[in-house]
$ cat final00.json   # JSON, C-alpha atoms
[["chain", "number", "residue", "atom", "x", "y", "z"],
["A", 27, "ALA", "CA", -39.07, 18.10, 26.02],
["A", 28, "ALA", "CA", -40.01, 14.62, 24.82],
["A", 29, "LEU", "CA", -38.85, 15.53, 21.32],
["A", 30, "GLU", "CA", -35.56, 16.78, 22.71],
["A", 31, "ALA", "CA", -35.13, 13.63, 24.74],
["A", 32, "ARG", "CA", -35.86, 11.55, 21.65],
["A", 33, "ARG", "CA", -33.36, 13.55, 19.61],
["A", 34, "ALA", "CA", -30.75, 13.14, 22.33],
["A", 35, "GLU", "CA", -31.45, 9.41, 22.40],
["A", 36, "GLU", "CA", -31.17, 9.22, 18.60],
["A", 37, "GLN", "CA", -27.88, 11.14, 18.69],
["A", 38, "THR", "CA", -26.53, 8.85, 21.40],
["A", 39, "LEU", "CA", -27.64, 5.81, 19.39],
["A", 40, "ALA", "CA", -26.00, 7.22, 16.23],
["A", 41, "ALA", "CA", -22.77, 7.86, 18.14],
["A", 42, "PHE", "CA", -22.89, 4.33, 19.55],
["A", 43, "GLU", "CA", -23.41, 2.87, 16.07],
["A", 44, "ALA", "CA", -20.55, 5.00, 14.73],
["A", 45, "ARG", "CA", -18.34, 3.59, 17.47],
["A", 46, "ARG", "CA", -19.39, 0.06, 16.59],
["A", 47, "ALA", "CA", -18.63, 0.71, 12.93],
["A", 48, "GLU", "CA", -15.19, 2.01, 13.87],
["A", 49, "GLU", "CA", -14.60, -1.05, 16.03],
["A", 50, "ARG", "CA", -15.59, -3.32, 13.12],
["A", 51, "ALA", "CA", -13.26, -1.40, 10.83],
["A", 52, "LEU", "CA", -10.47, -1.75, 13.39],
["A", 53, "ALA", "CA", -11.12, -5.49, 13.57],
["A", 54, "VAL", "CA", -10.83, -5.77, 9.80],
["A", 55, "LEU", "CA", -7.59, -3.78, 9.89],
["A", 56, "GLU", "CA", -6.26, -5.99, 12.67],
["A", 57, "ALA", "CA", -7.08, -9.10, 10.61],
["A", 58, "ARG", "CA", -5.21, -7.63, 7.66],
["A", 59, "ARG", "CA", -2.26, -6.79, 9.88],
["A", 60, "ALA", "CA", -2.28, -10.36, 11.19],
["A", 61, "GLU", "CA", -2.16, -11.66, 7.63],
["A", 62, "GLU", "CA", 0.68, -9.29, 6.86],
["A", 63, "ARG", "CA", 2.58, -10.45, 9.94],
["A", 64, "ALA", "CA", 2.01, -14.07, 8.89],
["A", 65, "ARG", "CA", 3.43, -13.28, 5.45],
["A", 66, "ALA", "CA", 6.42, -11.56, 7.06],
["A", 67, "ALA", "CA", 6.97, -14.57, 9.33],
["A", 68, "THR", "CA", 6.77, -16.88, 6.31],
["A", 69, "ALA", "CA", 9.34, -14.72, 4.52],
["A", 70, "ILE", "CA", 11.66, -14.89, 7.52],
["A", 71, "GLN", "CA", 11.23, -18.64, 7.79],
["A", 72, "ALA", "CA", 11.97, -19.01, 4.09],
["A", 73, "TYR", "CA", 15.04, -16.85, 4.56],
["A", 74, "LEU", "CA", 16.25, -19.01, 7.47],
["A", 75, "ARG", "CA", 15.65, -22.23, 5.52],
["A", 76, "GLY", "CA", 17.53, -20.74, 2.59],
["A", 77, "HIS", "CA", 20.32, -19.67, 4.88],
["A", 78, "ALA", "CA", 20.65, -23.22, 6.24],
["A", 79, "ALA", "CA", 20.59, -24.67, 2.72],
["A", 80, "ARG", "CA", 23.24, -22.19, 1.60],
["A", 81, "ALA", "CA", 25.35, -23.07, 4.62],
["A", 82, "GLU", "CA", 25.04, -26.76, 3.80],
["A", 83, "TYR", "CA", 25.82, -26.02, 0.17],
["A", 84, "ARG", "CA", 28.87, -23.99, 1.17],
["A", 85, "GLU", "CA", 30.13, -26.90, 3.28],
["A", 86, "LEU", "CA", 29.63, -29.38, 0.46],
["A", 87, "ARG", "CA", 31.22, -27.03, -2.02],
["A", 88, "ALA", "CA", 34.16, -26.39, 0.29],
["A", 89, "ARG", "CA", 34.85, -30.13, 0.53],
["A", 90, "GLN", "CA", 34.70, -30.55, -3.24],
["A", 91, "ASP", "CA", 36.88, -27.50, -3.78],
["A", 92, "ALA", "CA", 39.44, -28.76, -1.30],
["A", 93, "GLU", "CA", 39.77, -32.04, -3.18],
["A", 94, "SER", "CA", 39.87, -30.54, -6.68],
["A", 95, "ARG", "CA", 42.12, -27.61, -5.83],
["A", 96, "ARG", "CA", 44.77, -29.21, -3.69],
["A", 97, "ARG", "CA", 47.20, -28.45, -6.46],
["A", 98, "GLU", "CA", 46.43, -24.72, -6.33],
["A", 99, "SER", "CA", 48.29, -22.44, -4.04],
["A", 100, "ALA", "CA", 46.99, -21.87, -0.51],
["A", 101, "LEU", "CA", 46.93, -18.13, -1.07],
["A", 102, "ALA", "CA", 44.65, -18.39, -4.14],
["A", 103, "ARG", "CA", 42.20, -20.65, -2.28],
["A", 104, "LYS", "CA", 42.13, -18.34, 0.72],
["A", 105, "ARG", "CA", 41.49, -15.27, -1.43],
["A", 106, "GLU", "CA", 38.64, -16.93, -3.35],
["A", 107, "ARG", "CA", 36.87, -18.16, -0.21],
["A", 108, "ALA", "CA", 37.17, -14.78, 1.45],
["A", 109, "GLN", "CA", 35.61, -13.02, -1.53],
["A", 110, "MET", "CA", 32.78, -15.55, -1.79],
["A", 111, "ALA", "CA", 32.00, -15.35, 1.93],
["A", 112, "LYS", "CA", 32.01, -11.57, 1.80],
["A", 113, "ARG", "CA", 29.53, -11.50, -1.11],
["A", 114, "LEU", "CA", 27.22, -14.06, 0.50],
["A", 115, "SER", "CA", 27.29, -12.37, 3.89],
["A", 116, "GLU", "CA", 26.59, -9.00, 2.28],
["A", 117, "MET", "CA", 23.58, -10.43, 0.41],
["A", 118, "GLU", "CA", 22.32, -12.14, 3.55],
["A", 119, "ARG", "CA", 22.78, -8.97, 5.57],
["A", 120, "ARG", "CA", 20.77, -6.98, 3.04],
["A", 121, "ARG", "CA", 17.94, -9.52, 3.05],
["A", 122, "PHE", "CA", 17.92, -9.67, 6.84],
["A", 123, "ASP", "CA", 17.94, -5.87, 7.06],
["A", 124, "ALA", "CA", 15.02, -5.70, 4.62],
["A", 125, "ALA", "CA", 13.02, -8.22, 6.67],
["A", 126, "ALA", "CA", 13.80, -6.38, 9.92],
["A", 127, "THR", "CA", 12.80, -3.07, 8.34],
["A", 128, "ARG", "CA", 9.52, -4.59, 7.20],
["A", 129, "ILE", "CA", 8.77, -5.89, 10.70],
["A", 130, "GLN", "CA", 9.62, -2.54, 12.26],
["A", 131, "SER", "CA", 7.50, -0.72, 9.72],
["A", 132, "THR", "CA", 4.55, -3.03, 10.39],
["A", 133, "PHE", "CA", 4.85, -2.53, 14.13],
["A", 134, "ARG", "CA", 5.12, 1.25, 13.84],
["A", 135, "ALA", "CA", 2.16, 1.38, 11.47],
["A", 136, "LYS", "CA", 0.09, -0.72, 13.86],
["A", 137, "SER", "CA", 1.02, 1.53, 16.76],
["A", 138, "ALA", "CA", 0.14, 4.64, 14.77],
["A", 139, "ARG", "CA", -3.23, 3.21, 13.69],
["A", 140, "LYS", "CA", -3.97, 2.24, 17.26],
["A", 141, "GLU", "CA", -3.15, 5.76, 18.47],
["A", 142, "VAL", "CA", -5.32, 7.33, 15.76],
["A", 143, "ALA", "CA", -8.22, 5.07, 16.73],
["A", 144, "ARG", "CA", -7.74, 6.00, 20.39],
["A", 145, "LEU", "CA", -7.71, 9.71, 19.57],
["A", 146, "ARG", "CA", -10.84, 9.34, 17.41],
["A", 147, "LEU", "CA", -12.67, 7.67, 20.28],
["A", 148, "LEU", "CA", -11.54, 10.41, 22.66],
["A", 149, "ARG", "CA", -12.78, 13.04, 20.22],
["A", 150, "ILE", "CA", -16.13, 11.29, 19.88],
["A", 151, "ASP", "CA", -16.45, 11.05, 23.67],
["A", 152, "TRP", "CA", -15.54, 14.72, 24.02],
["A", 153, "GLU", "CA", -18.10, 15.73, 21.39],
["A", 154, "LEU", "CA", -20.81, 13.64, 23.08],
["A", 155, "ARG", "CA", -20.06, 15.21, 26.44],
["A", 156, "ALA", "CA", -20.08, 18.69, 24.94],
["A", 157, "ARG", "CA", -23.47, 18.02, 23.31],
["A", 158, "GLU", "CA", -24.89, 16.60, 26.53],
["A", 159, "GLU", "CA", -23.64, 19.59, 28.52],
["A", 160, "ALA", "CA", -25.09, 22.01, 25.96],
["A", 161, "GLU", "CA", -28.43, 20.21, 26.10],
["A", 162, "ALA", "CA", -28.37, 20.28, 29.91],
["A", 163, "ARG", "CA", -27.68, 24.03, 29.88],
["A", 164, "GLN", "CA", -30.52, 24.52, 27.40],
["A", 165, "ARG", "CA", -32.89, 22.53, 29.63],
["A", 166, "GLU", "CA", -31.81, 24.57, 32.66],
["A", 167, "ARG", "CA", -32.47, 27.83, 30.79],
["A", 168, "ALA", "CA", -35.89, 26.61, 29.65],
["A", 169, "ALA", "CA", -36.75, 25.62, 33.23],
["A", 170, "ALA", "CA", -35.61, 29.03, 34.50],
["A", 171, "VAL", "CA", -37.74, 30.81, 31.89],
["A", 172, "GLN", "CA", -40.72, 28.62, 32.84],
["A", 173, "ARG", "CA", -40.25, 29.43, 36.54],
["A", 174, "HIS", "CA", -40.02, 33.13, 35.74],
["A", 175, "VAL", "CA", -43.21, 33.01, 33.63],
["A", 176, "GLU", "CA", -45.05, 31.24, 36.47],
["A", 177, "TYR", "CA", -43.69, 33.74, 38.95],
["A", 178, "GLU", "CA", -44.90, 36.66, 36.78],
["A", 179, "ARG", "CA", -48.35, 35.02, 36.43],
["A", 180, "ARG", "CA", -48.70, 34.64, 40.20],
["A", 181, "ARG", "CA", -47.53, 38.16, 40.72],
["A", 182, "ALA", "CA", -50.03, 39.61, 38.26]]
$ encode --input "final00.json" --output "C-alpha cells"
Amino acid sequence: AALEARRAEEQTLAAFEARRAEERALAVLEARRAEERARAATAIQAYLRGHAARAEYRELRARQDAESRRRESALARKRERAQMAKRLSEMERRRFDAAATRIQSTFRAKSARKEVARLRLLRIDWELRAREEAEARQRERAAAVQRHVEYERRRA
C-alpha cells in the first residue's frame, strides 16, 4: 500500500512537471508570437510612413506637373493622373491586404494554439482522474478481499 501510494505520488508529480513543462513551452511560444506581432506592427508603421511620404510626394509632383504641363491639354493631364492614382492605389491596397492577412493569420494561429493547449490540459486532467479512479477501485477490491479473508479466518 505504501509502494502504491508512492507510485501514485510519483505519477502525480510527473504529471505536474509535465504540466509545468507545457506551461513553459507555451510561454516561449507566447514570447515568439509577441515578437512576431511587434514585427507586424513595425511593418504596418513602415507602410503608413511610406504612405504619408508617397502622399506628400504626389502633392509635390502634382504641383510641379501643373507648372510644367500647363501647355498640355487638360484631357491628357487628367488621363495621366487617373492612371497613376489607380496604379498607386492598387499597389497600396495589395500591401494593406497582405498586412491584414498576416495579422489575421497570426491571430488565428494564436487562437488555435491556445485551444490545442487547453485540450491537452483537459486530456491530462482526464487521464489523471481515470488513473486515480482506477487506483481507488483497486484499493477497494484489495480491502474487500482482505475483509473476506479475515471473515473466513474467523469462521474457520
$ closest_atom_pairs --input "final00.json" --of "stretch 46-78 of chain A" --to "stretch 127-148 of chain A" --cutoff "8 Å" --atoms "only C-alpha atoms" --output "CSV"
residue,atom,partner,partner_atom,distance
A:Leu52,CA,A:Ala143,CA,7.9
A:Arg59,CA,A:Lys136,CA,7.6
A:Arg63,CA,A:Thr132,CA,7.7
A:Ala66,CA,A:Ile129,CA,7.1
$ atom_distance --input "final00.json" --atom1 "atom CA of A:Asp123" --atom2 "atom CA of A:Glu106"
25.7 Å
$ atom_distance --input "final00.json" --atom1 "atom CA of A:Gly76" --atom2 "atom CA of A:Ser94"
26.1 Å
$ residues_around --input "final00.json" --residues "stretch 36-43 of chain A" --least-positions-apart "4" --cutoff "10 Å" --atoms "all atoms listed in the file" --output "list of chain:residue names"
A:Glu30, A:Ala31, A:Arg32, A:Ala47, A:Glu48, A:Glu49, A:Ile150, A:Asp151, A:Glu153, A:Leu154, A:Arg157, A:Glu158
$ residues_around --input "final00.json" --residues "A:Ala81" --least-positions-apart "5" --cutoff "12 Å" --atoms "all atoms listed in the file" --output "JSON, numbers by chain"
{"A": [74, 75, 76, 86, 87, 88, 111, 114, 115, 118]}
$ atom_distance --input "final00.json" --atom1 "atom CA of A:Arg163" --atom2 "atom CA of A:Arg180"
25.7 Å
$ closest_residue --input "final00.json" --among "A:Ala27, A:Leu101, A:Leu55, A:Ala69" --to "A:Glu166" --atoms "all atoms listed in the file"
A:Ala27
$ closest_residue --input "final00.json" --among "A:Arg165, A:Arg46, A:Arg107, A:His77" --to "A:Asp91" --atoms "all atoms listed in the file"
A:Arg107
$ build_atoms --input "final00.json" --residues "stretch 47-70 of chain A" --atoms "N, CA and C atoms" --output "PDB file, in the coordinates of the input"
ATOM      1  N   ALA A  47     -19.157   0.795  14.298  1.00  0.00           N
ATOM      2  CA  ALA A  47     -18.630   0.710  12.930  1.00  0.00           C
ATOM      3  C   ALA A  47     -17.121   0.887  12.943  1.00  0.00           C
ATOM      4  N   GLU A  48     -16.639   1.815  13.766  1.00  0.00           N
ATOM      5  CA  GLU A  48     -15.190   2.010  13.870  1.00  0.00           C
ATOM      6  C   GLU A  48     -14.524   0.761  14.451  1.00  0.00           C
ATOM      7  N   GLU A  49     -15.176   0.158  15.447  1.00  0.00           N
ATOM      8  CA  GLU A  49     -14.600  -1.050  16.030  1.00  0.00           C
ATOM      9  C   GLU A  49     -14.553  -2.184  15.003  1.00  0.00           C
ATOM     10  N   ARG A  50     -15.602  -2.301  14.172  1.00  0.00           N
ATOM     11  CA  ARG A  50     -15.590  -3.320  13.120  1.00  0.00           C
ATOM     12  C   ARG A  50     -14.474  -3.041  12.121  1.00  0.00           C
ATOM     13  N   ALA A  51     -14.324  -1.771  11.777  1.00  0.00           N
ATOM     14  CA  ALA A  51     -13.260  -1.400  10.830  1.00  0.00           C
ATOM     15  C   ALA A  51     -11.893  -1.718  11.432  1.00  0.00           C
ATOM     16  N   LEU A  52     -11.735  -1.435  12.718  1.00  0.00           N
ATOM     17  CA  LEU A  52     -10.470  -1.750  13.390  1.00  0.00           C
ATOM     18  C   LEU A  52     -10.218  -3.256  13.410  1.00  0.00           C
ATOM     19  N   ALA A  53     -11.279  -4.038  13.577  1.00  0.00           N
ATOM     20  CA  ALA A  53     -11.120  -5.490  13.570  1.00  0.00           C
ATOM     21  C   ALA A  53     -10.674  -5.978  12.204  1.00  0.00           C
ATOM     22  N   VAL A  54     -11.243  -5.392  11.158  1.00  0.00           N
ATOM     23  CA  VAL A  54     -10.830  -5.770   9.800  1.00  0.00           C
ATOM     24  C   VAL A  54      -9.371  -5.401   9.581  1.00  0.00           C
ATOM     25  N   LEU A  55      -8.995  -4.193  10.023  1.00  0.00           N
ATOM     26  CA  LEU A  55      -7.590  -3.780   9.890  1.00  0.00           C
ATOM     27  C   LEU A  55      -6.665  -4.708  10.662  1.00  0.00           C
ATOM     28  N   GLU A  56      -7.091  -5.103  11.855  1.00  0.00           N
ATOM     29  CA  GLU A  56      -6.260  -5.990  12.670  1.00  0.00           C
ATOM     30  C   GLU A  56      -6.100  -7.341  11.981  1.00  0.00           C
ATOM     31  N   ALA A  57      -7.169  -7.830  11.335  1.00  0.00           N
ATOM     32  CA  ALA A  57      -7.080  -9.100  10.610  1.00  0.00           C
ATOM     33  C   ALA A  57      -6.099  -8.968   9.438  1.00  0.00           C
ATOM     34  N   ARG A  58      -6.152  -7.836   8.757  1.00  0.00           N
ATOM     35  CA  ARG A  58      -5.210  -7.630   7.660  1.00  0.00           C
ATOM     36  C   ARG A  58      -3.783  -7.557   8.171  1.00  0.00           C
ATOM     37  N   ARG A  59      -3.611  -6.873   9.299  1.00  0.00           N
ATOM     38  CA  ARG A  59      -2.260  -6.790   9.880  1.00  0.00           C
ATOM     39  C   ARG A  59      -1.771  -8.177  10.290  1.00  0.00           C
ATOM     40  N   ALA A  60      -2.673  -9.003  10.802  1.00  0.00           N
ATOM     41  CA  ALA A  60      -2.280 -10.360  11.190  1.00  0.00           C
ATOM     42  C   ALA A  60      -1.839 -11.147   9.967  1.00  0.00           C
ATOM     43  N   GLU A  61      -2.573 -10.980   8.862  1.00  0.00           N
ATOM     44  CA  GLU A  61      -2.160 -11.660   7.630  1.00  0.00           C
ATOM     45  C   GLU A  61      -0.800 -11.154   7.161  1.00  0.00           C
ATOM     46  N   GLU A  62      -0.615  -9.851   7.286  1.00  0.00           N
ATOM     47  CA  GLU A  62       0.680  -9.290   6.860  1.00  0.00           C
ATOM     48  C   GLU A  62       1.814  -9.807   7.750  1.00  0.00           C
ATOM     49  N   ARG A  63       1.556  -9.894   9.037  1.00  0.00           N
ATOM     50  CA  ARG A  63       2.580 -10.450   9.940  1.00  0.00           C
ATOM     51  C   ARG A  63       2.864 -11.905   9.607  1.00  0.00           C
ATOM     52  N   ALA A  64       1.812 -12.663   9.258  1.00  0.00           N
ATOM     53  CA  ALA A  64       2.010 -14.070   8.890  1.00  0.00           C
ATOM     54  C   ALA A  64       2.866 -14.163   7.629  1.00  0.00           C
ATOM     55  N   ARG A  65       2.609 -13.279   6.661  1.00  0.00           N
ATOM     56  CA  ARG A  65       3.430 -13.280   5.450  1.00  0.00           C
ATOM     57  C   ARG A  65       4.876 -12.918   5.776  1.00  0.00           C
ATOM     58  N   ALA A  66       5.062 -11.935   6.680  1.00  0.00           N
ATOM     59  CA  ALA A  66       6.420 -11.560   7.060  1.00  0.00           C
ATOM     60  C   ALA A  66       7.124 -12.721   7.767  1.00  0.00           C
ATOM     61  N   ALA A  67       6.387 -13.420   8.638  1.00  0.00           N
ATOM     62  CA  ALA A  67       6.970 -14.570   9.330  1.00  0.00           C
ATOM     63  C   ALA A  67       7.345 -15.668   8.345  1.00  0.00           C
ATOM     64  N   THR A  68       6.478 -15.876   7.342  1.00  0.00           N
ATOM     65  CA  THR A  68       6.770 -16.880   6.310  1.00  0.00           C
ATOM     66  C   THR A  68       8.027 -16.481   5.542  1.00  0.00           C
ATOM     67  N   ALA A  69       8.152 -15.189   5.241  1.00  0.00           N
ATOM     68  CA  ALA A  69       9.340 -14.720   4.520  1.00  0.00           C
ATOM     69  C   ALA A  69      10.604 -14.953   5.350  1.00  0.00           C
ATOM     70  N   ILE A  70      10.500 -14.682   6.638  1.00  0.00           N
ATOM     71  CA  ILE A  70      11.660 -14.890   7.520  1.00  0.00           C
ATOM     72  C   ILE A  70      12.009 -16.370   7.613  1.00  0.00           C
TER      73      ILE A  70
END
